[in-house]
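Peer 1: Got a structure for you, written out below as structure tokens; questions coming shortly.
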Amino acid sequence: QVQLVESGGGLVQPGGFLRLSCVVSGIAIINHPMRWYRQGPGKEREYVASITKTGGNVISNYAVPVKGRFVVFGDDSTNTVYLYMNSLKPEDTAVYYCNTGGPGGTWGQGTQVTVSS
């Protein structure tokens with residue numbers, strides 16, 4: 001059974017930094033694309049970033065609103081996916097979810113990120 005457990009959310013001031021973690025069990029992240037999504041208040045859930053390891057190469061992708069500020073990283077030794085979030089903005093406020101298998105796949109429970117002064 002695949003399980004994803006996120007942590008690391010919290011309250012941070014604009015311009016601040018957070019690191020989210022997603023501990024994965026049941027699959028090896030080296031063999032599966034991993035994604036981060038978020039859902040802000042009153043908004044639809046939206047894609048944030050993904051990481052895929054294929055043929056020894058690591059491919060990461062980012063949604064336009066976070067490109068250049070967020071970095072996704074996978075630690076194969078601990079089977080954990082991280083989302084490093086820099087230069088946070090109030091519009092980044094959302095519940096952040098880890099996912100594998102796309103919208104119909106497996107989701108974590110989410111971790112709340114609030115960016116506010």
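Here, A, B, ... name the chains of the structure tokens in the order displayed, residue numbers run from 1 inside each chain, and ligands are numbered from 1 in the same displayed order.
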What are the DSSP strand (DSSP E) residues of stretch 36-74 of chain A, as a ChimeraX atom specification?

Peer 2: /A:36-39,46-54,57-62,70-74

Peer 1: Do you know which residues are at most 6 Å from stretch 23-27 of chain A counting only C-alpha atoms, after dropping those on the same chain fewer than 4 positions away, and could you put them as a list of chain:residue names?

Peer 2: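 My list of contacting residues is A:Gln1, A:Val2, A:Gln3, A:Leu4, A:Val5, A:Asn79, A:Thr80.
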
Peer 1: Using only C-alpha atoms, which of A:Gly110, A:Gly10, A:Gly68, A:Gly74 sits nearest A:Tyr97?

Peer 2: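 Checking each of A:Gly110, A:Gly10, A:Gly68, A:Gly74 against A:Tyr97, counting only C-alpha atoms, the winner is A:Gly110.
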
Peer 1: Rank A:Gln39, A:Gln112, A:Ser50, A:Gln13 by their smallest atom-to-atom distance to A:Pro90, using only C-alpha atoms, and report the top residue only.

Peer 2: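 Answer, going by the shortest atom-to-atom distance: A:Gln13.
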
Peer 1: Please list as a PDB file with all heavy atoms, in the first residue's frame every residue within 7 Å of A:Leu88, counting only C-alpha atoms and excluding residues in the same chain fewer than 5 positions away.

Peer 2:
ATOM      1  N   PRO A  14       6.081  36.990   4.415  1.00  0.00           N
ATOM      2  CA  PRO A  14       6.441  37.164   3.000  1.00  0.00           C
ATOM      3  C   PRO A  14       7.951  37.312   2.846  1.00  0.00           C
ATOM      4  O   PRO A  14       8.609  37.986   3.636  1.00  0.00           O
ATOM      5  CB  PRO A  14       5.703  38.439   2.608  1.00  0.00           C
ATOM      6  CG  PRO A  14       4.530  38.488   3.523  1.00  0.00           C
ATOM      7  CD  PRO A  14       5.026  37.937   4.841  1.00  0.00           C
ATOM      8  N   GLY A  15       8.472  36.652   1.817  1.00  0.00           N
ATOM      9  CA  GLY A  15       9.910  36.640   1.602  1.00  0.00           C
ATOM     10  C   GLY A  15      10.624  35.522   2.311  1.00  0.00           C
ATOM     11  O   GLY A  15      11.829  35.318   2.109  1.00  0.00           O
ATOM     12  N   GLY A  16       9.899  34.777   3.120  1.00  0.00           N
ATOM     13  CA  GLY A  16      10.504  33.726   3.924  1.00  0.00           C
ATOM     14  C   GLY A  16      10.687  32.422   3.172  1.00  0.00           C
ATOM     15  O   GLY A  16      10.451  32.316   1.957  1.00  0.00           O
ATOM     16  N   PHE A  17      11.091  31.414   3.940  1.00  0.00           N
ATOM     17  CA  PHE A  17      11.473  30.117   3.383  1.00  0.00           C
ATOM     18  C   PHE A  17      10.820  28.996   4.190  1.00  0.00           C
ATOM     19  O   PHE A  17      10.688  29.082   5.411  1.00  0.00           O
ATOM     20  CB  PHE A  17      12.997  29.980   3.454  1.00  0.00           C
ATOM     21  CG  PHE A  17      13.497  28.579   3.248  1.00  0.00           C
ATOM     22  CD1 PHE A  17      13.719  28.092   1.976  1.00  0.00           C
ATOM     23  CD2 PHE A  17      13.753  27.733   4.331  1.00  0.00           C
ATOM     24  CE1 PHE A  17      14.179  26.796   1.780  1.00  0.00           C
ATOM     25  CE2 PHE A  17      14.212  26.435   4.143  1.00  0.00           C
ATOM     26  CZ  PHE A  17      14.426  25.977   2.872  1.00  0.00           C
ATOM     27  N   VAL A 115       1.352  32.227   4.361  1.00  0.00           N
ATOM     28  CA  VAL A 115       2.332  33.300   4.183  1.00  0.00           C
ATOM     29  C   VAL A 115       1.637  34.613   4.512  1.00  0.00           C
ATOM     30  O   VAL A 115       0.760  35.070   3.781  1.00  0.00           O
ATOM     31  CB  VAL A 115       2.894  33.326   2.752  1.00  0.00           C
ATOM     32  CG1 VAL A 115       3.983  34.392   2.639  1.00  0.00           C
ATOM     33  CG2 VAL A 115       3.421  31.953   2.357  1.00  0.00           C
TER      34      VAL A 115
END

Peer 1: Atom CA of A:Thr93 and atom CA of A:His32, how far apart in Å?

Peer 2: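 Separation between atom CA of A:His32 and atom CA of A:Thr93: 27.3 Å.
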
Peer 1: What's around A:Tyr84 at 8 Å? Count only C-alpha atoms, leave out sequence neighbours fewer than 5 positions away in its own chain, and write the answer as a ChimeraX atom specification.

Peer 2: /A:17-20,70-73

Peer 1: Have a look at A:Ser7, A:Ser87, A:Thr100, A:Asn57 and name the one nearest to A:Ile29; count only C-alpha atoms.

Peer 2: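 Going through A:Ser7, A:Ser87, A:Thr100, A:Asn57 one by one, the smallest distance to A:Ile29 is for A:Thr100.
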
Peer 1: Counting only C-alpha atoms, which of A:Val113, A:Asp75, A:Lys89, A:Tyr96 gets nearest to A:Ala49?

Peer 2: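 Ranked by minimum distance to A:Ala49, first place goes to A:Tyr96.
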
Peer 1: Would you please work out which residue, of A:Ser117, A:Arg69, A:Glu91, A:Tyr82, is nearest to A:Met34 when using only C-alpha atoms?

Peer 2: A:Tyr82

Peer 1: Can you list every residue in stretch 10-114 of chain A that DSSP puts in helix (DSSP H, G or I), as a list in words?

Peer 2: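 In stretch 10-114 of chain A, DSSP puts these residues in helix (DSSP H, G or I): Ile29, Ile30, Asn31, Pro90, Glu91 and Asp92 of chain A.
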
Peer 1: So, counting only C-alpha atoms, which residue among A:Ala94, A:Gly105, A:Trp36, A:Thr114 is closest to A:Ile51?

Peer 2: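 Closest residue, counting only C-alpha atoms: A:Trp36.
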